[in-house]
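Undergrad: Here it is, the structure in full.
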Amino acid sequence: MTLTATNPFTFVPPGRIFFGPGCFSHLPHHAAALGSRALLVRSPRNHHAAAAAAALANVRLLAAEFFLSSEPSVQDILDAIASARAAHVDCIVAVGGGSVIDAAKAIAAMLTNPGDLFDYLETIGRALPLPNPPLPSLAVPTTAGTGAEVTFNAVISSPAHHLKVSLRHPTLP
């Protein structure tokens with residue numbers, strides 16, 4: 001397809017993408033630039049996430065961990081928000097696949113916004129716009145596929161409704 005004035009488009013990439021050998025070793029440095037108390041969202045079986053937890057703990061950035069074994073549900077997000085608030089986190093680090101990254105984005109959004117998760121969810125909620133940007137966050141994708149690290153939405157399942165729904169905001173990636 002040739003781009004012309006009759007078919008314009010806009011591409012808005014995430015702030016920065018670090019790629020290549022050795023990038024993972026800089027995780028604590030990049031996380032420290034976001035805050036001093038991180039919530040690490042991760043899969044319990046991901047060896048990259050285990051290494052990230054150790055690296056963040058080594059520099060005293062790890063405030064809490066939230067383990068996610070499958071795609072995030074509404075209840076998972078609510079549980080993680082409670083855990084993050086109790087730990088007084090000021091940034092989010094996600095290490096894993098699309099589900100982990102989607103969960104982290106939703107958690108970051110809800111920690112800075114008033115009301116209930118259902119105020120902002122599409123289809124099963126009120127689909128209100130988020131009034132505030134999310135907490136600063138960092139994603140380390142460990143799988144290739146979903147592209148969750150470059151989308152403006154977080155996909156969340158609602159078993160009660162038998163649906164997957166989205167929470168959206170232009171600053172979510």
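Convention: chains lettered A, B, ... in structure tokens order; per-chain residue numbering from 1; ligands numbered from 1 as shown.
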At a cut-off of 10 Å, using only C-alpha atoms, what residues contact Gly125 of chain A? Leave out same-chain residues fewer than 3 positions from it and give the result as a PyMOL selection string.
TA: chain A and resi 116-122+128+165-167
Undergrad: What are the closest atom pairs, with distances in Å to one decimal, for all residues of segment 30-56 of chain A lying within 12 Å of segment 100-106 of chain A? Consider only C-alpha atoms, order rows by chain and residue number, and present the result as a Markdown table.
TA:
```
| residue | atom | partner | partner_atom | distance |
| --- | --- | --- | --- | --- |
| A:Ala38 | CA | A:Ala104 | CA | 11.3 |
| A:Leu39 | CA | A:Ala104 | CA | 8.8 |
| A:Leu40 | CA | A:Ala104 | CA | 8.4 |
| A:Val41 | CA | A:Ala104 | CA | 6.1 |
| A:Arg42 | CA | A:Val100 | CA | 5.9 |
| A:Ser43 | CA | A:Val100 | CA | 7.0 |
| A:Pro44 | CA | A:Val100 | CA | 10.7 |
| A:Asn46 | CA | A:Val100 | CA | 10.8 |
| A:Ala49 | CA | A:Val100 | CA | 10.5 |
```
Undergrad: Store the residues picked out above in a file with N, CA, C and O atoms, as an mmCIF file, in the first residue's frame.
TA:
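Wrote it out as again15.cif, contents follow:
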```cif
data_model
loop_
_atom_site.group_PDB
_atom_site.id
_atom_site.type_symbol
_atom_site.label_atom_id
_atom_site.label_comp_id
_atom_site.auth_asym_id
_atom_site.auth_seq_id
_atom_site.Cartn_x
_atom_site.Cartn_y
_atom_site.Cartn_z
ATOM 1 N N ALA A 38 8.913 -0.649 43.877
ATOM 2 C CA ALA A 38 8.293 -1.267 42.704
ATOM 3 C C ALA A 38 7.422 -2.468 43.068
ATOM 4 O O ALA A 38 7.779 -3.267 43.934
ATOM 5 N N LEU A 39 6.314 -2.574 42.353
ATOM 6 C CA LEU A 39 5.536 -3.807 42.330
ATOM 7 C C LEU A 39 5.998 -4.558 41.096
ATOM 8 O O LEU A 39 5.929 -4.030 39.981
ATOM 9 N N LEU A 40 6.473 -5.776 41.295
ATOM 10 C CA LEU A 40 6.872 -6.625 40.175
ATOM 11 C C LEU A 40 5.715 -7.550 39.850
ATOM 12 O O LEU A 40 5.291 -8.345 40.684
ATOM 13 N N VAL A 41 5.182 -7.419 38.642
ATOM 14 C CA VAL A 41 4.113 -8.297 38.163
ATOM 15 C C VAL A 41 4.787 -9.343 37.293
ATOM 16 O O VAL A 41 5.512 -9.003 36.356
ATOM 17 N N ARG A 42 4.532 -10.630 37.610
ATOM 18 C CA ARG A 42 5.275 -11.688 36.943
ATOM 19 C C ARG A 42 4.549 -13.020 36.997
ATOM 20 O O ARG A 42 3.622 -13.199 37.770
ATOM 21 N N SER A 43 5.016 -13.926 36.179
ATOM 22 C CA SER A 43 4.571 -15.314 36.221
ATOM 23 C C SER A 43 5.443 -16.039 37.237
ATOM 24 O O SER A 43 6.632 -15.754 37.345
ATOM 25 N N PRO A 44 4.873 -16.980 37.972
ATOM 26 C CA PRO A 44 5.692 -17.682 38.968
ATOM 27 C C PRO A 44 6.756 -18.589 38.365
ATOM 28 O O PRO A 44 7.723 -18.928 39.035
ATOM 29 N N ASN A 46 8.519 -17.988 35.359
ATOM 30 C CA ASN A 46 9.352 -17.319 34.364
ATOM 31 C C ASN A 46 10.738 -17.059 34.956
ATOM 32 O O ASN A 46 10.871 -16.290 35.909
ATOM 33 N N ALA A 49 11.734 -13.435 35.059
ATOM 34 C CA ALA A 49 11.071 -12.695 36.137
ATOM 35 C C ALA A 49 11.746 -12.964 37.479
ATOM 36 O O ALA A 49 11.874 -12.060 38.307
#
```
Undergrad: Looking at A:Pro159, A:Pro170, A:Pro131, A:Pro141, which one is nearest to Ile17 of chain A, with distances taken over only C-alpha atoms?
TA: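 Ranking A:Pro159, A:Pro170, A:Pro131, A:Pro141 by distance to Ile17 of chain A, first place goes to A:Pro141.
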Undergrad: At a cut-off of 8 Å, using only C-alpha atoms, what residues contact segment 81-90 of chain A? Leave out same-chain residues fewer than 6 positions from it and give the result as a PyMOL selection string.
TA: chain A and resi 34-39+63-64+66+107+110-111+135-136
Undergrad: Choose the residue, out of A:Thr112, A:Ser73, A:Thr146, A:Thr171, that has the smallest atom-to-atom separation from Gly96 of chain A; count only C-alpha atoms.
TA: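 Selected residue with least distance to Gly96 of chain A: A:Thr146.
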Undergrad: As an MDAnalysis selection string, which residues of segment 36-171 of chain A does DSSP assign to strand (DSSP E or B)?
TA: chainID A and resid 38:42 62:67 73 91:96 137:141 153:158 163:168
Undergrad: Please save C-alpha atoms of the selected residues as a PDB file, in the first residue's frame.
TA:
```pdb
ATOM      1  CA  ALA A  38       8.293  -1.267  42.704  1.00  0.00           C
ATOM      2  CA  LEU A  39       5.536  -3.807  42.330  1.00  0.00           C
ATOM      3  CA  LEU A  40       6.872  -6.625  40.175  1.00  0.00           C
ATOM      4  CA  VAL A  41       4.113  -8.297  38.163  1.00  0.00           C
ATOM      5  CA  ARG A  42       5.275 -11.688  36.943  1.00  0.00           C
ATOM      6  CA  LEU A  62      11.351  -4.491  45.195  1.00  0.00           C
ATOM      7  CA  ALA A  63       8.417  -3.548  47.432  1.00  0.00           C
ATOM      8  CA  ALA A  64       6.068  -6.396  46.476  1.00  0.00           C
ATOM      9  CA  GLU A  65       5.461  -9.075  43.879  1.00  0.00           C
ATOM     10  CA  PHE A  66       2.222 -10.074  42.205  1.00  0.00           C
ATOM     11  CA  PHE A  67       2.152 -13.502  40.580  1.00  0.00           C
ATOM     12  CA  SER A  73      -9.175 -11.458  35.629  1.00  0.00           C
ATOM     13  CA  CYS A  91       6.120   2.251  40.067  1.00  0.00           C
ATOM     14  CA  ILE A  92       5.292  -0.999  38.299  1.00  0.00           C
ATOM     15  CA  VAL A  93       7.656  -3.460  36.624  1.00  0.00           C
ATOM     16  CA  ALA A  94       6.211  -6.242  34.474  1.00  0.00           C
ATOM     17  CA  VAL A  95       8.310  -9.188  33.345  1.00  0.00           C
ATOM     18  CA  GLY A  96       6.511 -11.761  31.255  1.00  0.00           C
ATOM     19  CA  SER A 137       5.809   1.470  34.569  1.00  0.00           C
ATOM     20  CA  LEU A 138       8.337  -0.644  32.750  1.00  0.00           C
ATOM     21  CA  ALA A 139       7.643  -3.800  30.749  1.00  0.00           C
ATOM     22  CA  VAL A 140      10.097  -6.544  29.901  1.00  0.00           C
ATOM     23  CA  PRO A 141       8.380  -8.794  27.354  1.00  0.00           C
ATOM     24  CA  ASN A 153      -5.185  -1.013  26.415  1.00  0.00           C
ATOM     25  CA  ALA A 154      -5.110  -3.715  29.052  1.00  0.00           C
ATOM     26  CA  VAL A 155      -7.150  -6.829  28.317  1.00  0.00           C
ATOM     27  CA  ILE A 156      -8.863  -8.274  31.394  1.00  0.00           C
ATOM     28  CA  SER A 157     -11.121 -11.309  31.610  1.00  0.00           C
ATOM     29  CA  SER A 158     -14.394 -11.294  33.464  1.00  0.00           C
ATOM     30  CA  LEU A 163     -15.951 -11.868  28.334  1.00  0.00           C
ATOM     31  CA  LYS A 164     -12.579 -10.270  27.846  1.00  0.00           C
ATOM     32  CA  VAL A 165     -12.784  -6.497  28.149  1.00  0.00           C
ATOM     33  CA  SER A 166     -10.398  -3.559  27.896  1.00  0.00           C
ATOM     34  CA  LEU A 167      -9.262  -0.666  30.011  1.00  0.00           C
ATOM     35  CA  ARG A 168      -7.819   2.032  27.727  1.00  0.00           C
TER      36      ARG A 168
END
```
Undergrad: Extract, using only C-alpha atoms, all DNA, RNA and protein residues at most 6 Å from Pro173 of chain A, discarding same-chain residues fewer than 4 positions from it, and format them as a list in words.
TA: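 Here the answer would be Pro14, Glu149, Val150, Thr151 and Phe152 of chain A.
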Undergrad: Counting only C-alpha atoms, figure out which residue out of A:His169, A:Asn58, A:Gly147, A:Ala108 gets nearest to Leu130 of chain A.
TA: A:His169
Undergrad: Which residues are close to Val59 of chain A, i.e. within 9 Å by only C-alpha atoms, leaving aside same-chain residues fewer than 4 positions away? Reply as a list of chain:residue names.
TA: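 Using only C-alpha atoms, the neighbours found are A:Pro28, A:Ala32, A:Ala54, A:Ala55.
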Undergrad: Could you turn the residues from that selection into a file that holds all heavy atoms, as a PDB file, in the first residue's frame?
TA:
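Writing done, so here's out_24.pdb:
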```
ATOM      1  N   PRO A  28      17.456  -2.688  36.816  1.00  0.00           N
ATOM      2  CA  PRO A  28      17.385  -1.910  38.059  1.00  0.00           C
ATOM      3  C   PRO A  28      17.596  -0.414  37.835  1.00  0.00           C
ATOM      4  O   PRO A  28      16.920   0.409  38.454  1.00  0.00           O
ATOM      5  CB  PRO A  28      18.500  -2.505  38.928  1.00  0.00           C
ATOM      6  CG  PRO A  28      18.670  -3.889  38.405  1.00  0.00           C
ATOM      7  CD  PRO A  28      18.423  -3.790  36.923  1.00  0.00           C
ATOM      8  N   ALA A  32      14.756   2.240  38.738  1.00  0.00           N
ATOM      9  CA  ALA A  32      15.050   3.283  39.732  1.00  0.00           C
ATOM     10  C   ALA A  32      14.718   4.667  39.203  1.00  0.00           C
ATOM     11  O   ALA A  32      14.391   5.568  39.984  1.00  0.00           O
ATOM     12  CB  ALA A  32      16.513   3.204  40.147  1.00  0.00           C
ATOM     13  N   ALA A  54      15.271 -10.755  41.770  1.00  0.00           N
ATOM     14  CA  ALA A  54      16.544 -10.738  42.494  1.00  0.00           C
ATOM     15  C   ALA A  54      17.293  -9.434  42.247  1.00  0.00           C
ATOM     16  O   ALA A  54      17.844  -8.833  43.176  1.00  0.00           O
ATOM     17  CB  ALA A  54      17.402 -11.933  42.076  1.00  0.00           C
ATOM     18  N   ALA A  55      17.300  -8.969  41.007  1.00  0.00           N
ATOM     19  CA  ALA A  55      18.007  -7.720  40.672  1.00  0.00           C
ATOM     20  C   ALA A  55      17.364  -6.524  41.361  1.00  0.00           C
ATOM     21  O   ALA A  55      18.065  -5.643  41.880  1.00  0.00           O
ATOM     22  CB  ALA A  55      18.027  -7.528  39.161  1.00  0.00           C
TER      23      ALA A  55
END
```
Undergrad: Between atom CA of Ser99 of chain A and atom CA of Glu71 of chain A, what distance in Å does the model show, to one decimal?
TA: 4.8 Å
Undergrad: Give me, please, the distance in Å between atom CA of His161 of chain A and atom CA of Thr123 of chain A, quoted to one decimal.
TA: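 About the pair atom CA of His161 of chain A and atom CA of Thr123 of chain A: they are 9.9 Å apart.
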Undergrad: Can you tell me how far atom CA of Arg126 of chain A sits from atom CA of Ser70 of chain A, in Å to one decimal?
TA: 25.2 Å
